[in-house]
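Asks: File upload-v5.cif follows (mmCIF, C-alpha atoms and all ligand atoms):
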data_target
#
loop_
_atom_site.label_atom_id
_atom_site.label_comp_id
_atom_site.auth_asym_id
_atom_site.auth_seq_id
_atom_site.Cartn_x
_atom_site.Cartn_y
_atom_site.Cartn_z
CA MET C 1339 148.95 114.22 198.83
CA SER C 1340 147.38 111.03 197.48
CA LYS C 1341 148.17 109.88 193.97
CA ILE C 1342 145.61 109.62 191.19
CA ILE C 1343 147.73 107.09 189.28
CA GLU C 1344 150.84 105.32 190.40
CA MET C 1345 152.64 102.70 188.35
CA LYS C 1346 155.82 101.17 189.72
CA ASN C 1347 158.09 99.02 187.56
CA VAL C 1348 155.11 97.77 185.58
CA ALA C 1349 155.59 95.28 182.76
CA TRP C 1350 153.20 93.40 180.51
CA ARG C 1351 154.26 90.46 178.40
CA ARG C 1352 152.20 88.49 175.92
CA GLU C 1353 153.11 85.74 173.49
CA GLY C 1354 156.81 86.12 174.22
CA LYS C 1355 156.63 89.84 173.49
CA THR C 1356 157.24 92.60 176.02
CA VAL C 1357 154.48 95.12 175.31
CA LEU C 1358 155.21 97.31 178.34
CA ASN C 1359 158.53 97.39 180.14
CA ASP C 1360 159.44 98.98 183.48
CA ILE C 1361 156.78 101.70 183.46
CA ASN C 1362 157.10 104.21 186.29
CA TRP C 1363 154.56 106.98 186.36
CA SER C 1364 152.80 109.11 188.98
CA VAL C 1365 149.87 111.42 188.48
CA ASN C 1366 149.32 113.67 191.47
CA GLU C 1367 146.07 115.13 192.72
CA GLY C 1368 145.07 118.13 190.61
CA GLU C 1369 147.05 117.11 187.53
CA SER C 1370 145.75 116.33 184.06
CA TRP C 1371 148.14 114.51 181.74
CA ALA C 1372 148.64 113.70 178.09
CA LEU C 1373 149.91 110.28 177.12
CA PHE C 1374 151.76 110.59 173.84
CA GLY C 1375 153.18 107.81 171.66
CA LEU C 1376 153.11 106.40 168.16
CA ASN C 1377 150.71 103.67 167.10
CA GLY C 1378 151.50 100.43 168.87
CA SER C 1379 153.63 102.05 171.58
CA GLY C 1380 151.42 100.61 174.33
CA LYS C 1381 149.10 103.49 175.22
CA THR C 1382 145.86 101.53 175.17
CA THR C 1383 147.56 98.65 176.99
CA ILE C 1384 148.34 101.07 179.84
CA LEU C 1385 144.69 102.16 179.88
CA ASN C 1386 143.51 98.54 180.00
CA MET C 1387 145.70 98.13 183.04
CA LEU C 1388 144.56 101.31 184.77
CA THR C 1389 140.98 100.12 184.41
CA GLY C 1390 141.76 96.60 185.60
CA TYR C 1391 140.96 94.78 182.35
CA ILE C 1392 144.45 93.33 182.18
CA TRP C 1393 146.85 92.50 184.94
CA PRO C 1394 150.55 93.50 185.01
CA SER C 1395 153.10 90.71 184.54
CA ALA C 1396 155.29 92.59 187.03
CA GLY C 1397 155.12 95.72 189.15
CA GLU C 1398 152.44 97.56 191.10
CA ILE C 1399 149.55 99.81 190.16
CA SER C 1400 147.41 102.12 192.28
CA VAL C 1401 144.57 104.17 190.91
CA LEU C 1402 142.71 106.80 192.95
CA GLY C 1403 144.58 105.64 196.04
CA HIS C 1404 143.60 101.98 195.67
CA LYS C 1405 146.18 99.32 195.07
CA TYR C 1406 145.24 96.76 192.44
CA GLY C 1407 145.05 93.32 193.95
CA GLU C 1408 143.52 94.77 197.13
CA VAL C 1409 140.44 96.43 195.66
CA ASP C 1410 137.35 95.35 193.71
CA VAL C 1411 138.17 96.72 190.26
CA ARG C 1412 134.51 96.72 189.22
CA GLU C 1413 133.83 99.11 192.08
CA LEU C 1414 136.82 101.28 191.19
CA ARG C 1415 135.76 101.42 187.53
CA ARG C 1416 132.68 103.42 188.58
CA SER C 1417 135.04 106.29 189.42
CA ILE C 1418 136.77 106.10 186.03
CA GLY C 1419 135.22 107.36 182.81
CA TRP C 1420 136.74 105.93 179.66
CA VAL C 1421 135.96 107.12 176.15
CA SER C 1422 137.51 105.24 173.23
CA SER C 1423 136.66 104.38 169.67
CA SER C 1424 136.08 100.75 170.62
CA LEU C 1425 133.29 102.00 172.89
CA GLN C 1426 131.66 103.75 169.89
CA GLU C 1427 131.18 100.42 168.15
CA LYS C 1428 129.25 99.00 171.09
CA ILE C 1429 126.54 101.68 171.16
CA TYR C 1430 123.13 100.85 169.66
CA GLY C 1431 122.61 103.15 166.69
CA SER C 1432 118.91 103.53 167.40
CA GLU C 1433 119.45 104.73 170.97
CA LYS C 1434 118.38 108.29 171.66
CA ALA C 1435 121.17 110.69 172.60
CA GLN C 1436 119.71 111.53 176.00
CA ASP C 1437 119.20 107.86 176.89
CA LEU C 1438 122.75 107.13 175.85
CA VAL C 1439 124.07 109.86 178.13
CA VAL C 1440 121.83 108.82 181.04
CA SER C 1441 122.99 105.18 180.69
CA GLY C 1442 126.44 106.36 181.84
CA LYS C 1443 125.07 106.56 185.37
CA TYR C 1444 124.82 102.77 185.41
CA ALA C 1445 127.92 102.18 183.25
CA SER C 1446 125.72 100.00 181.05
CA ILE C 1447 125.30 99.74 177.31
CA GLY C 1448 121.59 100.41 176.80
CA LEU C 1449 119.12 101.36 179.50
CA TYR C 1450 117.77 98.68 181.84
CA GLU C 1451 116.70 100.78 184.80
CA LYS C 1452 114.26 103.65 184.74
CA PRO C 1453 116.17 106.88 185.22
CA SER C 1454 114.76 109.67 187.37
CA SER C 1455 113.93 113.14 186.09
CA GLN C 1456 117.04 114.41 187.94
CA ASP C 1457 119.09 111.98 185.86
CA TYR C 1458 117.66 113.46 182.66
CA ASP C 1459 118.29 116.98 183.98
CA LYS C 1460 121.89 116.10 184.68
CA ALA C 1461 122.29 114.51 181.23
CA LEU C 1462 120.96 117.66 179.57
CA GLN C 1463 123.23 119.86 181.66
CA LEU C 1464 126.27 117.78 180.67
CA MET C 1465 125.26 117.84 177.01
CA GLN C 1466 124.90 121.62 177.18
CA GLN C 1467 128.28 121.89 178.86
CA LEU C 1468 129.76 119.97 175.92
CA ARG C 1469 127.75 122.09 173.48
CA CYS C 1470 125.64 119.23 172.21
CA GLY C 1471 122.38 119.91 174.07
CA HIS C 1472 120.57 120.27 170.74
CA LEU C 1473 121.09 116.55 170.08
CA LEU C 1474 118.77 115.51 172.91
CA ASP C 1475 116.19 113.71 170.79
CA ARG C 1476 118.45 112.53 167.99
CA THR C 1477 119.35 108.89 167.57
CA TYR C 1478 123.03 108.07 167.96
CA GLN C 1479 123.39 106.84 164.38
CA THR C 1480 122.29 110.20 162.95
CA CYS C 1481 125.01 112.11 164.84
CA SER C 1482 128.32 113.07 163.27
CA GLN C 1483 131.54 111.53 164.48
CA GLY C 1484 132.40 114.62 166.56
CA GLU C 1485 128.90 114.73 168.05
CA LYS C 1486 129.14 111.04 168.94
CA GLN C 1487 132.40 111.69 170.81
CA LYS C 1488 130.80 114.53 172.75
CA LEU C 1489 127.86 112.29 173.68
CA LEU C 1490 130.22 109.58 174.87
CA ILE C 1491 132.11 112.10 177.00
CA ALA C 1492 128.83 113.36 178.48
CA ARG C 1493 127.89 109.73 179.11
CA ALA C 1494 131.18 109.10 180.92
CA LEU C 1495 130.60 112.21 183.07
CA MET C 1496 127.15 111.02 184.14
CA ALA C 1497 128.75 108.86 186.85
CA SER C 1498 130.78 111.88 188.12
CA PRO C 1499 134.11 110.10 187.63
CA LYS C 1500 137.25 111.23 189.45
CA LEU C 1501 139.32 110.25 186.43
CA LEU C 1502 138.28 110.70 182.80
CA ILE C 1503 140.30 108.94 180.12
CA LEU C 1504 140.04 110.07 176.51
CA ASP C 1505 141.73 107.61 174.14
CA GLU C 1506 142.35 109.08 170.66
CA ALA C 1507 139.23 111.23 171.07
CA CYS C 1508 139.81 113.23 167.88
CA ASN C 1509 140.61 110.34 165.57
CA GLY C 1510 138.87 110.59 162.23
CA LEU C 1511 137.45 114.06 162.88
CA ASP C 1512 137.61 116.84 160.32
CA PHE C 1513 139.22 120.15 161.28
CA ILE C 1514 136.04 121.88 162.44
CA SER C 1515 134.74 118.91 164.45
CA LYS C 1516 138.13 118.37 166.00
CA GLU C 1517 138.53 121.99 167.10
CA GLY C 1518 134.93 121.92 168.37
CA LEU C 1519 135.62 118.84 170.46
CA LEU C 1520 138.94 120.19 171.75
CA GLY C 1521 137.18 123.44 172.72
CA SER C 1522 134.63 121.47 174.73
CA ILE C 1523 137.35 119.38 176.39
CA GLU C 1524 139.20 122.55 177.36
CA GLU C 1525 136.10 124.12 178.89
CA LEU C 1526 135.35 120.91 180.72
CA ALA C 1527 138.88 120.74 182.12
CA LYS C 1528 138.67 124.33 183.36
CA GLY C 1529 135.33 123.76 185.09
CA ALA C 1530 135.03 123.94 188.87
CA ASP C 1531 134.56 120.23 189.61
CA ALA C 1532 136.35 118.82 186.59
CA PRO C 1533 137.62 115.25 186.86
CA HIS C 1534 141.32 114.52 186.48
CA MET C 1535 141.85 113.92 182.80
CA LEU C 1536 144.14 111.71 180.82
CA TYR C 1537 144.32 112.57 177.13
CA VAL C 1538 145.83 109.86 174.93
CA THR C 1539 147.01 110.75 171.46
CA HIS C 1540 149.65 110.47 168.75
CA HIS C 1541 149.14 114.10 167.62
CA THR C 1542 151.09 116.76 169.55
CA GLU C 1543 148.81 119.61 168.48
CA GLU C 1544 145.82 117.98 170.20
CA ILE C 1545 147.52 118.35 173.57
CA LEU C 1546 145.77 121.35 175.09
CA PRO C 1547 147.48 123.61 177.64
CA VAL C 1548 145.21 122.18 180.37
CA PHE C 1549 147.26 118.98 180.00
CA ARG C 1550 150.25 120.49 181.74
CA LYS C 1551 152.16 117.24 181.95
CA THR C 1552 152.96 114.66 179.32
CA LEU C 1553 154.26 111.11 179.37
CA LEU C 1554 156.16 110.10 176.25
CA LEU C 1555 155.81 106.40 175.55
CA ARG C 1556 158.06 104.70 173.01
CA ARG C 1557 158.05 100.98 172.20
CA GLY C 1558 156.42 100.16 175.53
CA GLU C 1559 158.85 102.20 177.61
CA VAL C 1560 158.71 105.62 179.22
CA PHE C 1561 160.90 107.86 177.08
CA GLY C 1562 160.28 110.89 179.26
CA SER C 1563 157.71 112.53 181.52
CA GLY C 1564 157.24 116.00 182.90
CA LEU C 1565 155.98 119.40 181.85
CA THR C 1566 154.33 119.31 178.42
CA SER C 1567 156.24 122.44 177.40
CA GLU C 1568 159.51 120.59 178.05
CA MET C 1569 158.49 117.21 176.63
CA LEU C 1570 157.20 118.66 173.36
CA SER C 1571 160.40 120.46 172.38
CA GLY C 1572 162.16 120.01 169.05
CA SER C 1573 165.20 118.39 170.63
CA VAL C 1574 163.27 115.96 172.86
CA LEU C 1575 160.92 114.94 170.05
CA SER C 1576 163.76 114.56 167.53
CA ASP C 1577 165.32 112.02 169.91
CA PHE C 1578 161.93 110.48 170.56
CA PHE C 1579 161.11 109.97 166.87
CA GLU C 1580 164.72 109.24 165.93
CA MET C 1581 164.18 111.75 163.15
CA PRO C 1582 164.82 115.50 163.14
CA VAL C 1583 161.60 117.45 163.73
CA ASP C 1584 160.72 121.07 164.36
CA VAL C 1585 158.07 122.17 166.85
CA SER C 1586 156.31 125.50 166.58
CA TRP C 1587 154.07 126.65 169.40
CA SER C 1588 150.85 128.38 168.48
CA HIS C 1589 147.88 128.94 170.81
CA GLU C 1590 149.89 127.07 173.45
CA ARG C 1591 149.83 123.92 171.34
CA ALA C 1592 152.81 122.20 169.75
CA TRP C 1593 152.72 121.83 165.97
CA LEU C 1594 155.12 119.36 164.46
CA SER C 1595 156.91 119.31 161.12
CA LYS C 1596 159.84 117.43 159.64
CA SER C 1597 162.98 119.52 159.73
N1 LIG U 1 146.22 91.00 173.88
C1 LIG U 1 147.38 91.23 173.25
N2 LIG U 1 148.20 90.20 172.93
C2 LIG U 1 149.37 90.44 172.30
N3 LIG U 1 149.80 91.64 171.92
C3 LIG U 1 149.02 92.71 172.20
C4 LIG U 1 147.78 92.55 172.88
N4 LIG U 1 147.24 93.78 173.03
C5 LIG U 1 148.09 94.64 172.46
N5 LIG U 1 149.17 94.00 171.96
C6 LIG U 1 150.32 94.62 171.29
O1 LIG U 1 150.85 95.61 172.11
C7 LIG U 1 151.35 96.69 171.36
C8 LIG U 1 150.78 97.99 171.89
O2 LIG U 1 149.42 98.08 171.56
P1 LIG U 1 148.51 99.28 172.04
O3 LIG U 1 148.60 99.39 173.52
O4 LIG U 1 147.15 99.05 171.48
O5 LIG U 1 149.21 100.52 171.35
P2 LIG U 1 148.68 102.02 171.14
O6 LIG U 1 147.40 102.19 171.88
O7 LIG U 1 149.79 102.88 171.65
O8 LIG U 1 148.53 102.19 169.66
C9 LIG U 1 151.00 96.41 169.91
O9 LIG U 1 152.15 95.88 169.28
C10 LIG U 1 149.92 95.36 170.01
O10 LIG U 1 149.93 94.52 168.89
MG MG U 2 145.52 102.82 171.27
#
Can I see the file as structure tokens?
Ligand SMILES: Nc1ncnc2c1ncn2[C@@H]1O[C@H](COP(=O)(O)OP(=O)(O)O)[C@@H](O)[C@H]1O
Ligand SMILES: [Mg+2]

Replies:
Amino acid sequence: MSKIIEMKNVAWRREGKTVLNDINWSVNEGESWALFGLNGSGKTTILNMLTGYIWPSAGEISVLGHKYGEVDVRELRRSIGWVSSSLQEKIYGSEKAQDLVVSGKYASIGLYEKPSSQDYDKALQLMQQLRCGHLLDRTYQTCSQGEKQKLLIARALMASPKLLILDEACNGLDFISKEGLLGSIEELAKGADAPHMLYVTHHTEEILPVFRKTLLLRRGEVFGSGLTSEMLSGSVLSDFFEMPVDVSWSHERAWLSKS
């Protein structure tokens, strides 16, 4: 079985500081993972590496069966969808929702090529799948935060990626928008030709059951990895946070409180 992600003894050092140290992690075909860690633990740095925007100081990385250093990362990036809040800031507010989604086919910000009617059909289908089809003619700036995230996910799916990365997708969302977005992500993950997904967060309760495996990242090191149900236990997380916590499971999601 080929690996979706493989990191071997990966480190990243900057300005005398070790941001990532000895990261070992494999994502197998058919798996969707959560990447869990506090602010500043190195989650986004790992994503920057997986997408070839930064280079490891040590170790080896393969993504979708291609070893970095031996592959054109720009080519590989076409197979990886990445949704993050820093992407949100780059979108033109006046762009129409459907054009924004269609632009994902070219991985461009803004539209420079004329899309075909099939492209628009596909964009609409993706928006409907994410329950935001009604936004078709709206401009991006008039959409709510949760709607914007859905549009960016639809945009990332336009290129039919093999790997979809969602970095802090629910940040800043109110309860209703957050549950709405999580519901759409769950449906997407259960779909027939769903991409492999990597859900990055610092909130345990956002980790949906479809993310069966979780990597716990602490201070740039792998604290643990394996089944989500085992990683998100009271005893593991109490060690992880260095503070006693209780976990209660409801709707197959782990809710955290201080014990
Ligand atoms: N280009 C950089 N130069 C130096 N330090 C960086 C750089 N990028 C990130 N860091 C540091 O690496 C640490 C991890 O950051 P990040 O990966 O963004 O964490 P997370 O996404 O888990 O919140 C932080 O302490 C951050 O300040
Ligand atoms: Mg981050």

Asks: Using only C-alpha atoms and all ligand atoms, what are the residues with an atom within 10 Å of ligand LIG 1 (chain U), set out as a PDB file with C-alpha atoms, in the frame of the given file?

Replies:
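After the write, out.pdb holds the following:
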ATOM      1  CA  TRP C1350     153.200  93.400 180.510  1.00  0.00           C
ATOM      2  CA  ARG C1351     154.260  90.460 178.400  1.00  0.00           C
ATOM      3  CA  ARG C1352     152.200  88.490 175.920  1.00  0.00           C
ATOM      4  CA  GLU C1353     153.110  85.740 173.490  1.00  0.00           C
ATOM      5  CA  GLY C1354     156.810  86.120 174.220  1.00  0.00           C
ATOM      6  CA  LYS C1355     156.630  89.840 173.490  1.00  0.00           C
ATOM      7  CA  THR C1356     157.240  92.600 176.020  1.00  0.00           C
ATOM      8  CA  VAL C1357     154.480  95.120 175.310  1.00  0.00           C
ATOM      9  CA  LEU C1358     155.210  97.310 178.340  1.00  0.00           C
ATOM     10  CA  LEU C1373     149.910 110.280 177.120  1.00  0.00           C
ATOM     11  CA  PHE C1374     151.760 110.590 173.840  1.00  0.00           C
ATOM     12  CA  GLY C1375     153.180 107.810 171.660  1.00  0.00           C
ATOM     13  CA  LEU C1376     153.110 106.400 168.160  1.00  0.00           C
ATOM     14  CA  ASN C1377     150.710 103.670 167.100  1.00  0.00           C
ATOM     15  CA  GLY C1378     151.500 100.430 168.870  1.00  0.00           C
ATOM     16  CA  SER C1379     153.630 102.050 171.580  1.00  0.00           C
ATOM     17  CA  GLY C1380     151.420 100.610 174.330  1.00  0.00           C
ATOM     18  CA  LYS C1381     149.100 103.490 175.220  1.00  0.00           C
ATOM     19  CA  THR C1382     145.860 101.530 175.170  1.00  0.00           C
ATOM     20  CA  THR C1383     147.560  98.650 176.990  1.00  0.00           C
ATOM     21  CA  ILE C1384     148.340 101.070 179.840  1.00  0.00           C
ATOM     22  CA  LEU C1385     144.690 102.160 179.880  1.00  0.00           C
ATOM     23  CA  ASN C1386     143.510  98.540 180.000  1.00  0.00           C
ATOM     24  CA  ILE C1392     144.450  93.330 182.180  1.00  0.00           C
ATOM     25  CA  ASP C1505     141.730 107.610 174.140  1.00  0.00           C
ATOM     26  CA  GLU C1506     142.350 109.080 170.660  1.00  0.00           C
ATOM     27  CA  VAL C1538     145.830 109.860 174.930  1.00  0.00           C
ATOM     28  CA  THR C1539     147.010 110.750 171.460  1.00  0.00           C
ATOM     29  CA  HIS C1540     149.650 110.470 168.750  1.00  0.00           C
ATOM     30  CA  LEU C1555     155.810 106.400 175.550  1.00  0.00           C
ATOM     31  CA  ARG C1556     158.060 104.700 173.010  1.00  0.00           C
ATOM     32  CA  ARG C1557     158.050 100.980 172.200  1.00  0.00           C
ATOM     33  CA  GLY C1558     156.420 100.160 175.530  1.00  0.00           C
TER      34      GLY C1558
END

Asks: Work out how far apart atom CA of C:Leu1520 and atom CA of C:Trp1587 are and give it in Å to one decimal.

Replies: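 Atom CA of C:Trp1587 lies at a distance of 16.6 Å from atom CA of C:Leu1520.
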
Asks: Set the distance at 12 Å and use all atoms listed in the file: which residues neighbour C:Lys1443 once local chain neighbours fewer than 2 positions away are removed? I'd like the list as a PDB file with C-alpha atoms, in the coordinates of the input.

Replies:
ATOM      1  CA  ARG C1416     132.680 103.420 188.580  1.00  0.00           C
ATOM      2  CA  SER C1417     135.040 106.290 189.420  1.00  0.00           C
ATOM      3  CA  ILE C1418     136.770 106.100 186.030  1.00  0.00           C
ATOM      4  CA  GLY C1419     135.220 107.360 182.810  1.00  0.00           C
ATOM      5  CA  GLN C1436     119.710 111.530 176.000  1.00  0.00           C
ATOM      6  CA  ASP C1437     119.200 107.860 176.890  1.00  0.00           C
ATOM      7  CA  LEU C1438     122.750 107.130 175.850  1.00  0.00           C
ATOM      8  CA  VAL C1439     124.070 109.860 178.130  1.00  0.00           C
ATOM      9  CA  VAL C1440     121.830 108.820 181.040  1.00  0.00           C
ATOM     10  CA  SER C1441     122.990 105.180 180.690  1.00  0.00           C
ATOM     11  CA  ALA C1445     127.920 102.180 183.250  1.00  0.00           C
ATOM     12  CA  SER C1446     125.720 100.000 181.050  1.00  0.00           C
ATOM     13  CA  ILE C1447     125.300  99.740 177.310  1.00  0.00           C
ATOM     14  CA  GLY C1448     121.590 100.410 176.800  1.00  0.00           C
ATOM     15  CA  LEU C1449     119.120 101.360 179.500  1.00  0.00           C
ATOM     16  CA  TYR C1450     117.770  98.680 181.840  1.00  0.00           C
ATOM     17  CA  GLU C1451     116.700 100.780 184.800  1.00  0.00           C
ATOM     18  CA  LYS C1452     114.260 103.650 184.740  1.00  0.00           C
ATOM     19  CA  PRO C1453     116.170 106.880 185.220  1.00  0.00           C
ATOM     20  CA  SER C1454     114.760 109.670 187.370  1.00  0.00           C
ATOM     21  CA  GLN C1456     117.040 114.410 187.940  1.00  0.00           C
ATOM     22  CA  ASP C1457     119.090 111.980 185.860  1.00  0.00           C
ATOM     23  CA  TYR C1458     117.660 113.460 182.660  1.00  0.00           C
ATOM     24  CA  LYS C1460     121.890 116.100 184.680  1.00  0.00           C
ATOM     25  CA  ALA C1461     122.290 114.510 181.230  1.00  0.00           C
ATOM     26  CA  ALA C1492     128.830 113.360 178.480  1.00  0.00           C
ATOM     27  CA  ARG C1493     127.890 109.730 179.110  1.00  0.00           C
ATOM     28  CA  ALA C1494     131.180 109.100 180.920  1.00  0.00           C
ATOM     29  CA  LEU C1495     130.600 112.210 183.070  1.00  0.00           C
ATOM     30  CA  MET C1496     127.150 111.020 184.140  1.00  0.00           C
ATOM     31  CA  ALA C1497     128.750 108.860 186.850  1.00  0.00           C
ATOM     32  CA  SER C1498     130.780 111.880 188.120  1.00  0.00           C
ATOM     33  CA  PRO C1499     134.110 110.100 187.630  1.00  0.00           C
TER      34      PRO C1499
END

Asks: Within 8 Å of (129.1, 116.8, 178.9), all atoms listed in the file: residues as a list of chain:residue names?

Replies: C:Ala1461, C:Gln1463, C:Leu1464, C:Met1465, C:Gln1466, C:Gln1467, C:Leu1468, C:Arg1469, C:Cys1470, C:Lys1488, C:Leu1489, C:Ile1491, C:Ala1492, C:Arg1493, C:Leu1495, C:Leu1526

Asks: What's around C:Thr1542 at 8 Å? Count all atoms listed in the file, leave out sequence neighbours fewer than 2 positions away in its own chain, and write the answer as a ChimeraX atom specification.

Replies: /C:1374,1539-1540,1544-1545,1570,1591-1594

Asks: Kindly give the distance, in Å, that separates atom CA of C:Thr1552 and atom CA of C:Leu1502, rounded to a single decimal.

Replies: 15.6 Å

Asks: Work out how far apart atom CA of C:His1589 and atom CA of C:His1534 are and give it in Å to one decimal.

Replies: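 Those two atoms sit 22.3 Å apart.
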
Asks: With distances taken over only C-alpha atoms, which residue among C:Val1560, C:Met1387, C:Leu1473, C:Leu1490 lies nearest C:Leu1504?

Replies: C:Leu1490

Asks: Using only C-alpha atoms and all ligand atoms, which residue out of C:Ser1424, C:Thr1566, C:Ser1340, C:Asn1362 lies closest to ligand MG 2 (chain U)?

Replies: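 Going through C:Ser1424, C:Thr1566, C:Ser1340, C:Asn1362 one by one, the smallest distance to ligand MG 2 (chain U) is for C:Ser1424.
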
Asks: Check the smallest atom-to-atom distance from each of C:Ser1395, C:Ser1400, C:Ser1573, C:Ser1422 to ligand MG 2 (chain U) using all atoms listed in the file, then report the winner.

Replies: C:Ser1422

Asks: Between C:Ile1503, C:Ile1399, C:Val1411, C:Leu1474, single out the one closest to ligand MG 2 (chain U), counting only C-alpha atoms and all ligand atoms.

Replies: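 Between C:Ile1503, C:Ile1399, C:Val1411, C:Leu1474, the residue approaching ligand MG 2 (chain U) most closely is C:Ile1503.
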
Asks: Within 7 Å of C:Val1583, counting only C-alpha atoms, which residues qualify if same-chain residues fewer than 2 places away don't, as a list in words?

Replies: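 The contact residues come out as Gly1572, Leu1575, Ser1576, Met1581, Val1585, Leu1594, Ser1595, Lys1596 and Ser1597 of chain C.
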
Asks: Given only C-alpha atoms and all ligand atoms as the basis, pick out the residue of C:Val1348, C:Leu1402, C:Val1421, C:Met1535 nearest to ligand MG 2 (chain U).

Replies: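 Between C:Val1348, C:Leu1402, C:Val1421, C:Met1535, the residue approaching ligand MG 2 (chain U) most closely is C:Val1421.
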
Asks: With distances taken over only C-alpha atoms and all ligand atoms, which of C:Asn1359, C:Ser1423, C:Ser1364, C:Ser1586 is nearest to ligand MG 2 (chain U)?

Replies: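 Smallest distance to ligand MG 2 (chain U) is found for C:Ser1423.
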
Asks: Draw an axis-aligned box over all listed atoms of stretch 1407-1417 of chain C, pad each side with 3 Å, and write its centre and edge lengths in Å, one decimal, as lines of an AutoDock Vina configuration file.

Replies:
center_x = 138.9
center_y = 99.8
center_z = 192.3
size_x = 18.4
size_y = 19.0
size_z = 15.6

Asks: Give me the residues near C:Asp1410 as a list in words, where near means some atom within 12 Å (using all atoms listed in the file) and where sequence neighbours in that chain fewer than 4 positions away do not count.

Replies: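 Once the adjacent positions are removed, what remains is Thr1389, Gly1390, Tyr1391, Val1401, His1404, Lys1405, Tyr1406, Leu1414, Arg1415, Arg1416 and Ser1417 of chain C.
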
Asks: Excluding C:Lys1528 and its own-chain neighbours fewer than 3 positions away, which residues fall within 12 Å of it when counting all atoms listed in the file? Please give them as a list in words.

Replies: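 After dropping sequence-adjacent residues, the list is Gly1368, Glu1369, Ser1370, Gln1467, Gly1521, Ser1522, Ile1523, Glu1524, Glu1525, Asp1531, Ala1532, Pro1533, His1534, Met1535, Leu1546, Pro1547, Val1548 and Phe1549 of chain C.
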
Asks: Only C-alpha atoms, please: stretch 1413-1446 of chain C from the block, as a tab-separated table (two decimals), in the first residue's frame.

Replies:
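Result file follows (result-v3.tsv):
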chain	number	residue	atom	x	y	z
C	1413	GLU	CA	3.01	19.87	-9.91
C	1414	LEU	CA	2.35	17.95	-6.70
C	1415	ARG	CA	0.52	20.93	-5.17
C	1416	ARG	CA	-2.20	20.51	-7.80
C	1417	SER	CA	-3.17	17.28	-6.03
C	1418	ILE	CA	-3.32	18.97	-2.62
C	1419	GLY	CA	-6.15	21.26	-1.54
C	1420	TRP	CA	-5.31	23.56	1.33
C	1421	VAL	CA	-7.80	25.74	3.17
C	1422	SER	CA	-6.51	28.11	5.83
C	1423	SER	CA	-7.38	31.47	7.27
C	1424	SER	CA	-4.37	33.05	5.58
C	1425	LEU	CA	-5.95	32.04	2.28
C	1426	GLN	CA	-9.15	33.93	3.24
C	1427	GLU	CA	-7.22	37.20	3.37
C	1428	LYS	CA	-6.00	36.78	-0.19
C	1429	ILE	CA	-9.44	36.50	-1.80
C	1430	TYR	CA	-10.86	39.56	-3.58
C	1431	GLY	CA	-13.97	40.63	-1.70
C	1432	SER	CA	-15.79	41.61	-4.87
C	1433	GLU	CA	-15.34	38.20	-6.50
C	1434	LYS	CA	-18.52	36.25	-7.09
C	1435	ALA	CA	-18.86	33.01	-5.15
C	1436	GLN	CA	-19.11	30.82	-8.24
C	1437	ASP	CA	-16.05	32.43	-9.84
C	1438	LEU	CA	-14.12	31.95	-6.63
C	1439	VAL	CA	-14.98	28.26	-6.58
C	1440	VAL	CA	-14.22	27.80	-10.29
C	1441	SER	CA	-10.81	29.50	-9.85
C	1442	GLY	CA	-9.78	26.49	-7.75
C	1443	LYS	CA	-9.42	24.52	-10.97
C	1444	TYR	CA	-6.42	26.67	-11.87
C	1445	ALA	CA	-5.20	27.09	-8.27
C	1446	SER	CA	-5.18	30.84	-8.94
